[in-house]
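**Q** Hey, dropping entry_32.txt in here, compact mmCIF, C-alpha atoms:
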# COMPACT_ATOMS: atom_id res chain seq x y z
CA MET A 1 -19.55 -38.64 -23.73
CA ASP A 2 -22.87 -37.33 -25.03
CA ASN A 3 -22.13 -33.85 -23.74
CA LYS A 4 -18.75 -33.57 -25.41
CA PRO A 5 -19.92 -31.06 -28.06
CA ARG A 6 -21.02 -28.65 -25.30
CA SER A 7 -17.75 -29.23 -23.48
CA TRP A 8 -15.87 -28.18 -26.56
CA SER A 9 -17.56 -24.82 -26.88
CA ASP A 10 -17.24 -24.39 -23.10
CA GLN A 11 -13.58 -25.11 -23.63
CA GLN A 12 -13.31 -22.29 -26.18
CA ILE A 13 -15.01 -19.90 -23.75
CA GLU A 14 -12.64 -20.93 -20.98
CA THR A 15 -9.60 -20.39 -23.18
CA ILE A 16 -10.72 -16.86 -24.04
CA ILE A 17 -11.49 -16.18 -20.37
CA GLY A 18 -8.07 -17.49 -19.34
CA ASP A 19 -6.32 -15.22 -21.85
CA LEU A 20 -8.49 -12.28 -20.76
CA LEU A 21 -7.50 -12.81 -17.13
CA ARG A 22 -3.81 -13.10 -17.94
CA ALA A 23 -3.90 -9.94 -20.09
CA GLY A 24 -5.63 -8.09 -17.25
CA VAL A 25 -3.00 -9.20 -14.74
CA VAL A 26 -0.07 -8.27 -17.01
CA PHE A 27 -1.61 -4.87 -17.85
CA SER A 28 -2.38 -3.98 -14.23
CA GLY A 29 1.02 -5.29 -13.12
CA ALA A 30 2.73 -2.95 -15.61
CA ILE A 31 0.82 0.06 -14.25
CA VAL A 32 1.59 -0.92 -10.64
CA LEU A 33 5.29 -1.26 -11.56
CA LEU A 34 5.30 2.18 -13.21
CA GLY A 35 3.57 3.73 -10.20
CA GLY A 36 5.93 1.88 -7.89
CA ILE A 37 8.99 3.38 -9.59
CA VAL A 38 7.53 6.92 -9.37
CA TYR A 39 6.58 6.31 -5.72
CA LEU A 40 10.00 4.97 -4.70
CA VAL A 41 11.90 7.72 -6.54
CA HIS A 42 9.89 10.46 -4.83
CA GLN A 43 9.08 8.93 -1.45
CA GLY A 44 11.49 6.02 -1.09
CA HIS A 45 13.54 7.83 1.57
CA THR A 46 10.57 8.67 3.83
CA THR A 47 9.48 6.57 6.82
CA PRO A 48 6.25 4.59 6.48
CA HIS A 49 3.75 4.26 9.33
CA TYR A 50 1.85 1.02 9.04
CA GLY A 51 1.89 0.03 12.71
CA VAL A 52 -1.41 1.76 13.44
CA PHE A 53 -4.36 1.74 11.07
CA HIS A 54 -5.35 5.22 9.92
CA GLY A 55 -7.06 4.31 6.67
CA GLU A 56 -6.12 5.75 3.31
CA PRO A 57 -6.83 9.41 2.49
CA SER A 58 -10.20 9.86 0.82
CA ASP A 59 -8.78 10.36 -2.68
CA LEU A 60 -7.30 6.86 -2.63
CA ARG A 61 -10.65 5.30 -1.72
CA SER A 62 -12.76 6.20 -4.75
CA VAL A 63 -12.35 5.61 -8.47
CA ARG A 64 -12.62 9.33 -9.22
CA GLY A 65 -10.00 10.30 -6.64
CA ILE A 66 -7.62 7.54 -7.76
CA VAL A 67 -7.87 8.59 -11.42
CA ARG A 68 -7.25 12.21 -10.44
CA ASP A 69 -4.16 11.36 -8.39
CA ALA A 70 -2.86 9.07 -11.13
CA LEU A 71 -3.30 11.72 -13.81
CA ALA A 72 -1.46 14.16 -11.56
CA GLY A 73 1.50 11.77 -11.78
CA GLN A 74 1.48 10.78 -8.11
CA GLY A 75 3.11 7.40 -7.55
CA ARG A 76 0.58 6.18 -4.98
CA GLY A 77 -2.29 7.20 -7.27
CA ILE A 78 -0.79 5.34 -10.25
CA ILE A 79 -0.25 2.19 -8.13
CA GLN A 80 -3.83 2.38 -6.87
CA LEU A 81 -5.06 2.75 -10.47
CA GLY A 82 -3.16 -0.42 -11.39
CA LEU A 83 -4.75 -2.21 -8.42
CA LEU A 84 -8.16 -1.00 -9.65
CA PHE A 85 -7.46 -2.61 -13.04
CA LEU A 86 -6.45 -5.79 -11.24
CA ILE A 87 -9.75 -5.79 -9.32
CA ALA A 88 -11.61 -5.14 -12.58
CA THR A 89 -10.07 -8.26 -14.18
CA PRO A 90 -12.32 -10.87 -12.53
CA VAL A 91 -15.28 -8.50 -12.97
CA ALA A 92 -14.53 -8.38 -16.71
CA ARG A 93 -14.48 -12.15 -16.69
CA VAL A 94 -17.99 -12.24 -15.24
CA VAL A 95 -19.22 -9.70 -17.82
CA PHE A 96 -17.68 -11.73 -20.65
CA SER A 97 -19.33 -14.90 -19.31
CA ILE A 98 -22.75 -13.25 -19.62
CA PHE A 99 -22.16 -12.77 -23.35
CA ALA A 100 -20.73 -16.27 -23.71
CA PHE A 101 -23.78 -17.88 -22.08
CA ALA A 102 -26.06 -15.66 -24.19
CA VAL A 103 -24.32 -16.92 -27.35
CA GLN A 104 -24.92 -20.47 -26.13
CA ARG A 105 -28.60 -19.50 -25.57
CA ASP A 106 -28.29 -20.67 -22.00
CA ARG A 107 -30.79 -18.36 -20.28
CA LEU A 108 -30.44 -20.01 -16.89
CA TYR A 109 -26.74 -19.19 -16.76
CA VAL A 110 -27.20 -15.70 -18.13
CA VAL A 111 -29.41 -15.08 -15.08
CA VAL A 112 -26.95 -16.81 -12.70
CA THR A 113 -24.06 -14.71 -14.05
CA LEU A 114 -26.07 -11.48 -13.92
CA THR A 115 -26.74 -12.24 -10.24
CA VAL A 116 -23.02 -12.59 -9.55
CA LEU A 117 -22.36 -9.33 -11.40
CA ALA A 118 -25.05 -7.55 -9.35
CA ILE A 119 -23.39 -8.68 -6.09
CA LEU A 120 -19.98 -7.53 -7.36
CA MET A 121 -21.40 -4.16 -8.37
CA PHE A 122 -23.05 -3.79 -4.99
CA SER A 123 -19.68 -4.23 -3.31
CA LEU A 124 -17.63 -2.13 -5.71
CA THR A 125 -19.98 0.83 -6.11
CA GLY A 126 -22.76 0.20 -3.62
CA ALA A 127 -23.83 1.87 -0.42
CA GLN A 128 -21.87 1.83 2.84
CA VAL A 129 -22.26 -1.46 4.62
CA MET B 1 13.05 1.79 8.12
CA THR B 2 12.45 3.76 4.93
CA VAL B 3 9.73 3.19 2.35
CA LEU B 4 12.38 1.77 0.01
CA GLY B 5 13.64 -0.68 2.64
CA LEU B 6 10.16 -1.85 3.61
CA SER B 7 9.09 -2.20 -0.04
CA THR B 8 12.16 -4.34 -0.75
CA LEU B 9 11.49 -6.59 2.27
CA VAL B 10 7.80 -6.98 1.41
CA PHE B 11 8.68 -7.70 -2.23
CA CYS B 12 11.17 -10.42 -1.25
CA GLY B 13 8.75 -12.00 1.23
CA SER B 14 5.95 -11.97 -1.31
CA LEU B 15 8.27 -13.45 -3.94
CA VAL B 16 9.00 -16.40 -1.67
CA ALA B 17 5.28 -16.72 -0.87
CA GLY B 18 4.49 -16.73 -4.59
CA VAL B 19 7.11 -19.40 -5.42
CA VAL B 20 6.10 -21.68 -2.56
CA GLY B 21 2.41 -21.06 -3.19
CA SER B 22 2.61 -22.06 -6.82
CA LEU B 23 4.88 -25.06 -6.19
CA THR B 24 2.64 -26.49 -3.50
CA GLY B 25 -0.63 -25.36 -5.04
CA LEU B 26 -1.65 -23.84 -1.71
CA GLY B 27 -1.67 -20.22 -2.81
CA GLY B 28 0.86 -17.87 -1.25
CA GLY B 29 -1.76 -15.34 -0.13
CA ILE B 30 -2.35 -17.02 3.18
CA ILE B 31 1.17 -16.26 4.42
CA ILE B 32 1.18 -12.62 3.29
CA THR B 33 -0.89 -11.43 6.26
CA PRO B 34 1.20 -13.23 8.95
CA LEU B 35 4.37 -12.00 7.22
CA LEU B 36 3.23 -8.38 7.26
CA THR B 37 1.76 -8.40 10.77
CA LEU B 38 4.06 -10.72 12.76
CA VAL B 39 7.36 -10.01 11.02
CA LEU B 40 7.03 -6.41 9.82
CA GLY B 41 4.61 -5.02 12.41
CA VAL B 42 2.02 -3.82 9.90
CA ASP B 43 -1.55 -3.29 11.18
CA ILE B 44 -3.72 -6.31 10.35
CA HIS B 45 -6.24 -4.22 8.38
CA TYR B 46 -3.59 -3.03 5.91
CA ALA B 47 -2.18 -6.57 5.74
CA ILE B 48 -5.56 -8.08 4.86
CA GLY B 49 -6.09 -5.47 2.13
CA ALA B 50 -2.71 -6.28 0.59
CA ALA B 51 -3.35 -10.03 0.85
CA LEU B 52 -6.65 -9.68 -1.02
CA VAL B 53 -4.77 -7.97 -3.85
CA SER B 54 -2.32 -10.89 -4.00
CA VAL B 55 -5.20 -13.38 -4.04
CA ILE B 56 -6.76 -11.74 -7.11
CA ALA B 57 -3.39 -11.54 -8.85
CA THR B 58 -2.46 -15.22 -8.37
CA SER B 59 -5.94 -16.54 -9.13
CA SER B 60 -6.27 -14.55 -12.36
CA GLY B 61 -2.67 -15.20 -13.40
CA ALA B 62 -2.97 -18.95 -12.91
CA ALA B 63 -6.39 -19.25 -14.57
CA ALA B 64 -4.98 -19.03 -18.09
CA ALA B 65 -2.75 -22.03 -17.48
CA TYR B 66 -5.51 -23.98 -15.75
CA VAL B 67 -8.37 -23.51 -18.21
CA LYS B 68 -6.33 -24.67 -21.17
CA GLU B 69 -6.11 -28.08 -19.54
CA GLY B 70 -9.90 -28.23 -19.80
CA PHE B 71 -10.64 -29.35 -16.27
CA SER B 72 -12.65 -26.48 -14.84
CA ASN B 73 -16.43 -26.42 -14.92
CA ILE B 74 -17.51 -22.83 -15.54
CA ARG B 75 -21.18 -23.52 -14.75
CA ILE B 76 -20.42 -24.91 -11.30
CA GLY B 77 -17.98 -22.03 -10.78
CA MET B 78 -20.52 -19.38 -11.73
CA LEU B 79 -23.37 -20.94 -9.74
CA MET B 80 -21.21 -21.29 -6.63
CA GLU B 81 -19.98 -17.72 -7.03
CA ILE B 82 -23.45 -16.50 -6.03
CA ALA B 83 -22.80 -18.10 -2.62
CA THR B 84 -19.12 -17.10 -2.33
CA THR B 85 -19.60 -13.45 -3.35
CA THR B 86 -22.57 -12.99 -1.00
CA GLY B 87 -20.47 -14.50 1.78
CA ALA B 88 -17.49 -12.33 0.83
CA VAL B 89 -19.50 -9.09 1.08
CA LEU B 90 -20.80 -10.22 4.48
CA GLY B 91 -17.30 -11.23 5.62
CA ALA B 92 -15.79 -7.91 4.55
CA SER B 93 -18.46 -5.94 6.41
CA LEU B 94 -17.78 -8.09 9.49
CA ALA B 95 -14.06 -7.32 9.16
CA LEU B 96 -14.84 -3.59 9.33
CA ARG B 97 -16.47 -4.10 12.73
CA ALA B 98 -14.58 -6.99 14.33
CA PRO B 99 -11.77 -6.20 16.79
CA THR B 100 -8.21 -6.93 15.63
CA SER B 101 -7.73 -9.63 18.27
CA ALA B 102 -10.78 -11.59 17.05
CA ILE B 103 -9.62 -11.39 13.43
CA ALA B 104 -6.15 -12.59 14.45
CA VAL B 105 -7.51 -15.61 16.33
CA ILE B 106 -9.88 -16.61 13.50
CA PHE B 107 -7.00 -16.13 11.07
CA GLY B 108 -4.82 -18.44 13.14
CA LEU B 109 -7.52 -21.13 13.19
CA ALA B 110 -7.93 -20.83 9.40
CA LEU B 111 -4.15 -21.25 9.03
CA LEU B 112 -4.17 -24.38 11.19
CA TYR B 113 -7.00 -25.82 9.13
CA SER B 114 -5.16 -25.03 5.95
CA ALA B 115 -1.97 -26.69 7.23
CA ALA B 116 -3.88 -29.83 8.11
CA MET B 117 -5.69 -29.83 4.76
CA SER B 118 -2.48 -29.59 2.77
CA LEU B 119 -1.25 -32.88 4.24
CA ARG B 120 -4.41 -34.69 3.19
CA THR B 121 -4.03 -37.03 0.24
CA PRO B 122 -6.69 -36.31 -2.36
CA ASP B 123 -9.26 -38.95 -3.22
CA LEU B 124 -8.72 -39.35 -6.94
CA GLY B 125 -11.51 -41.89 -7.35
CA GLY B 126 -14.18 -39.54 -8.70
CA ALA B 127 -16.96 -42.14 -8.57
CA VAL B 128 -19.37 -41.92 -11.49
CA ASP B 129 -22.73 -42.97 -10.14
CA LYS B 130 -26.35 -42.08 -10.64
CA PRO B 131 -27.24 -38.49 -11.55
CA ASP B 132 -28.73 -35.99 -9.12
CA PRO B 133 -31.94 -34.28 -10.38
CA VAL B 134 -31.04 -30.83 -8.99
CA ALA B 135 -27.64 -30.90 -10.65
CA GLN B 136 -29.22 -32.05 -13.90
CA THR B 137 -31.74 -29.21 -13.88
CA LEU B 138 -28.84 -26.80 -13.32
CA GLU B 139 -26.85 -28.36 -16.20
CA LEU B 140 -23.88 -29.05 -13.92
CA ASP B 141 -22.92 -32.53 -15.12
CA SER B 142 -19.98 -32.43 -17.48
CA SER B 143 -16.87 -34.31 -18.56
CA TYR B 144 -13.13 -33.80 -18.29
CA PRO B 145 -10.10 -35.00 -20.25
CA THR B 146 -8.20 -38.05 -18.97
CA SER B 147 -5.50 -40.16 -20.57
CA GLY B 148 -8.29 -42.42 -21.83
CA GLY B 149 -10.39 -39.67 -23.44
CA PHE B 150 -13.21 -37.58 -21.99
CA LYS B 151 -14.72 -38.94 -18.81
CA SER B 152 -18.17 -37.76 -17.74
CA TYR B 153 -19.14 -37.10 -14.14
CA HIS B 154 -22.29 -36.33 -12.16
CA VAL B 155 -22.58 -33.55 -9.61
CA HIS B 156 -24.34 -34.06 -6.26
CA HIS B 157 -25.55 -32.16 -3.17
CA VAL B 158 -25.72 -28.71 -4.73
CA ALA B 159 -27.35 -27.20 -1.62
CA THR B 160 -24.68 -28.54 0.78
CA GLY B 161 -21.96 -27.38 -1.60
CA SER B 162 -23.48 -23.89 -1.75
CA ALA B 163 -23.65 -23.68 2.05
CA VAL B 164 -19.95 -24.55 2.41
CA MET B 165 -19.17 -22.05 -0.37
CA PHE B 166 -21.05 -19.35 1.52
CA GLY B 167 -18.85 -20.06 4.55
CA ALA B 168 -15.74 -19.98 2.35
CA GLY B 169 -16.86 -16.58 1.03
CA ILE B 170 -17.31 -15.19 4.56
CA LEU B 171 -13.80 -16.32 5.56
CA SER B 172 -12.35 -14.92 2.35
CA GLY B 173 -13.91 -11.50 2.96
CA LEU B 174 -13.12 -11.49 6.67
CA LEU B 175 -9.48 -12.60 6.45
CA GLY B 176 -8.41 -11.62 2.94
CA ILE B 177 -7.61 -15.19 1.93
CA GLY B 178 -8.65 -17.25 -1.09
CA SER B 179 -10.28 -19.99 1.04
CA GLY B 180 -9.14 -22.42 -1.64
CA ALA B 181 -8.98 -25.35 0.78
CA LEU B 182 -12.59 -24.89 1.87
CA LYS B 183 -13.79 -24.43 -1.72
CA VAL B 184 -12.13 -27.68 -2.74
CA ILE B 185 -13.88 -29.41 0.19
CA ALA B 186 -17.26 -28.16 -1.03
CA LEU B 187 -16.63 -29.28 -4.61
CA ASP B 188 -14.73 -32.45 -3.87
CA GLU B 189 -16.35 -33.92 -0.77
CA ALA B 190 -19.88 -32.49 -0.84
CA MET B 191 -20.58 -32.29 -4.56
CA ARG B 192 -18.46 -35.35 -5.47
CA ILE B 193 -16.68 -33.63 -8.35
CA PRO B 194 -13.41 -35.22 -9.60
CA PHE B 195 -10.41 -33.76 -7.75
CA LYS B 196 -8.75 -32.14 -10.76
CA VAL B 197 -12.00 -30.42 -11.70
CA SER B 198 -12.43 -29.26 -8.08
CA THR B 199 -9.02 -27.63 -7.76
CA THR B 200 -9.14 -25.79 -11.10
CA THR B 201 -12.75 -24.66 -10.63
CA SER B 202 -11.85 -23.47 -7.14
CA ASN B 203 -8.92 -21.41 -8.43
CA PHE B 204 -11.23 -19.92 -11.01
CA MET B 205 -13.69 -18.78 -8.35
CA ILE B 206 -11.13 -17.32 -5.94
CA GLY B 207 -10.52 -14.12 -7.94
CA VAL B 208 -14.20 -13.28 -8.28
CA THR B 209 -14.78 -13.97 -4.57
CA ALA B 210 -11.89 -11.69 -3.59
CA ALA B 211 -13.11 -8.96 -5.95
CA ALA B 212 -16.49 -9.04 -4.17
CA SER B 213 -14.94 -8.07 -0.85
CA VAL B 214 -12.12 -5.83 -2.08
CA GLY B 215 -14.56 -3.03 -3.01
CA LEU B 216 -15.52 -2.63 0.64
CA TYR B 217 -11.87 -2.74 1.69
CA LEU B 218 -10.98 -0.02 -0.83
CA LYS B 219 -13.84 2.27 0.19
CA ASN B 220 -12.85 1.98 3.82
CA GLY B 221 -9.20 2.72 3.23
CA TYR B 222 -7.73 -0.76 3.75
CA ILE B 223 -5.98 -0.93 0.37
CA ASP B 224 -2.65 0.83 0.69
CA PRO B 225 -0.70 1.34 -2.54
CA GLY B 226 2.64 1.32 -0.72
CA LEU B 227 1.97 -2.26 0.47
CA GLY B 228 -0.15 -3.43 -2.45
CA MET B 229 2.61 -2.63 -4.95
CA PRO B 230 5.42 -4.85 -3.54
CA VAL B 231 2.96 -7.59 -2.55
CA MET B 232 1.36 -7.81 -6.00
CA LEU B 233 4.63 -7.60 -7.94
CA GLY B 234 6.36 -10.01 -5.55
CA VAL B 235 3.65 -12.67 -5.56
CA LEU B 236 3.24 -12.49 -9.35
CA SER B 237 7.01 -12.78 -9.97
CA GLY B 238 7.11 -15.65 -7.49
CA ALA B 239 4.22 -17.48 -9.13
CA PHE B 240 5.89 -17.04 -12.52
CA LEU B 241 9.19 -18.41 -11.19
CA GLY B 242 7.36 -21.26 -9.47
CA ALA B 243 5.64 -22.27 -12.70
CA ARG B 244 9.08 -22.35 -14.39
CA LEU B 245 10.55 -24.52 -11.63
CA LEU B 246 7.57 -26.84 -11.36
CA PRO B 247 8.32 -29.45 -14.06
CA GLY B 248 10.41 -32.20 -12.55
CA MET B 249 10.33 -30.88 -9.00
CA LYS B 250 9.45 -33.09 -6.08
CA THR B 251 7.01 -30.99 -4.08
CA GLY B 252 6.18 -33.54 -1.38
CA VAL B 253 8.88 -32.38 1.05
CA LEU B 254 8.13 -28.74 0.27
CA ARG B 255 4.45 -29.24 1.12
CA HIS B 256 5.38 -30.68 4.52
CA VAL B 257 7.81 -27.83 5.25
CA PHE B 258 5.24 -25.24 4.14
CA SER B 259 2.55 -26.88 6.28
CA ALA B 260 4.86 -26.72 9.28
CA VAL B 261 5.57 -23.02 8.62
CA ILE B 262 1.84 -22.31 8.32
CA ALA B 263 1.19 -24.16 11.60
CA ILE B 264 3.85 -22.11 13.42
CA LEU B 265 2.42 -18.86 12.00
CA ALA B 266 -1.04 -20.02 13.10
CA VAL B 267 0.08 -20.46 16.72
CA GLU B 268 1.82 -17.06 16.64
CA MET B 269 -1.29 -15.36 15.24
CA ILE B 270 -3.55 -16.93 17.87
CA TYR B 271 -1.10 -16.10 20.67
CA HIS B 272 -0.72 -12.49 19.52
CA GLY B 273 -4.47 -12.18 19.06
CA LEU B 274 -5.23 -13.48 22.56
CA THR B 275 -2.58 -11.31 24.22
CA GLY B 276 -3.60 -8.26 22.20
CA LYS B 277 -0.13 -7.73 20.73
CA LEU B 278 -1.21 -7.15 17.15
Would you mind giving the structure from this file in structure tokens?
**A**
Amino acid sequence: MDNKPRSWSDQQIETIIGDLLRAGVVFSGAIVLLGGIVYLVHQGHTTPHYGVFHGEPSDLRSVRGIVRDALAGQGRGIIQLGLLFLIATPVARVVFSIFAFAVQRDRLYVVVTLTVLAILMFSLTGAQV
Amino acid sequence: MTVLGLSTLVFCGSLVAGVVGSLTGLGGGIIITPLLTLVLGVDIHYAIGAALVSVIATSSGAAAAYVKEGFSNIRIGMLMEIATTTGAVLGASLALRAPTSAIAVIFGLALLYSAAMSLRTPDLGGAVDKPDPVAQTLELDSSYPTSGGFKSYHVHHVATGSAVMFGAGILSGLLGIGSGALKVIALDEAMRIPFKVSTTTSNFMIGVTAAASVGLYLKNGYIDPGLGMPVMLGVLSGAFLGARLLPGMKTGVLRHVFSAVIAILAVEMIYHGLTGKL
């Protein structure tokens, strides 16, 4: 019971984080839906080839290429942009947690959270593995 | 089949996966890959990429509902995420190198494990005993709301828990699954955290773990928008519907049926992996 005060402020943090995550999912879902409509209108009648793995074209593999395709109004580019926002949602949660722990003056967990962010950044932007 | 036809089929399948996943609490992501590969003949690499997308969507979407109940422990979640994200990056880089047949067999084994786990009855005891010095130093002990007010609990075996989490991260990155069952084991059995806290904290960690591997999948061309779109929209709609249906539904029978389906898919995956048909 003695740690109830801390639990309460943790609770506030968690509520904000939960809302943040839901907003991120709804926002990215809306973009994916928009891109999906464009994609199906323009390419819905074509035949897909998913039986053999070719890998995506290079412009759908990088943030810059995805943004360019999306701005050009290509359905697949817009969908991929929405998926990027979806991927960014948990990353935003980690970034927000750093601030939350800093407000609580919890240095140990600021460091823990920064470590998680560093690993995420390594994967999302880092070198070829 | 046209793009429109395939998108519709994938959307419907993902919708069902989302409904069943949210009703049973097992996460629908694990049946996305078998559905795409075994039923629709999609290459396993594309399927895993799409499944990862669904894992992030369901985990993040469900988090808002979970955290308001006040069960999750964000410190344990964040600390364990060091282990799960490291494992996830390693798992994803393994997936880039491993042959399809090996991935299929490991996937089948993970499915079997998950089917067995879902039939387990949770130990709701949550024994409150003497504190563990490591957990105390790491500020992990906390409390959670029960019908009789806040109940405090002590966390144990942080090192063992981290090791299991690292394994869960590898599987998540390698197979594109949430590894929720393994995460709950680490929290529940190894670290002796109350069951409700384990499940919600696990859900909270799944999205971050998946995000850690999805970067590598994207860079290597595994994330296809044409599959990601119907899978994400289908699973999200399904999870939303499932949450609406949940109050007053008896999920016991559904869990058994779902476990049986997972077990059948597991055998199919292993068989196809061994015979090189995927």
**Q** Kindly provide, as a ChimeraX atom specification, the polymer residues lying within 12 Å of (-14.7, -10.1, -11.1), counting only C-alpha atoms and using the coordinates exactly as they appear in the file.
**A** /A:17,20-21,24,84-97,113-114,116-121,123-124 /B:56-57,59-60,78,81-82,85,204-215
**Q** Taking only C-alpha atoms into account, which residues of chain B are within 8 Å of chain A, as a PyMOL selection string?
**A** chain B and resi 1-5+41-43+45-46+53+56-57+60-68+70+74-75+78-79+81-82+85-86+89+93+138+142-143+150-152+207-208+211-216+218-226+228-229+232-233
**Q** Ranking B:Gly148, B:Pro131, B:Gly77, B:Gly87 by minimum distance to B:Val164 and counting all atoms listed in the file, which one comes first?
**A**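 Among B:Gly148, B:Pro131, B:Gly77, B:Gly87, it is B:Gly87 that comes nearest to B:Val164.
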**Q** Between atom CA of B:Val10 and atom CA of B:Phe107, measure the distance and give it in Å to one decimal.
**A**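 Atom CA of B:Phe107 lies 19.9 Å from atom CA of B:Val10.
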**Q** What is the distance between atom CA of B:Ala92 and atom CA of B:Ser172, in Å to one decimal?
**A** 8.1 Å
**Q** Give me, please, the distance in Å between atom CA of B:Ala50 and atom CA of B:Leu171, quoted to one decimal.
**A** 15.8 Å
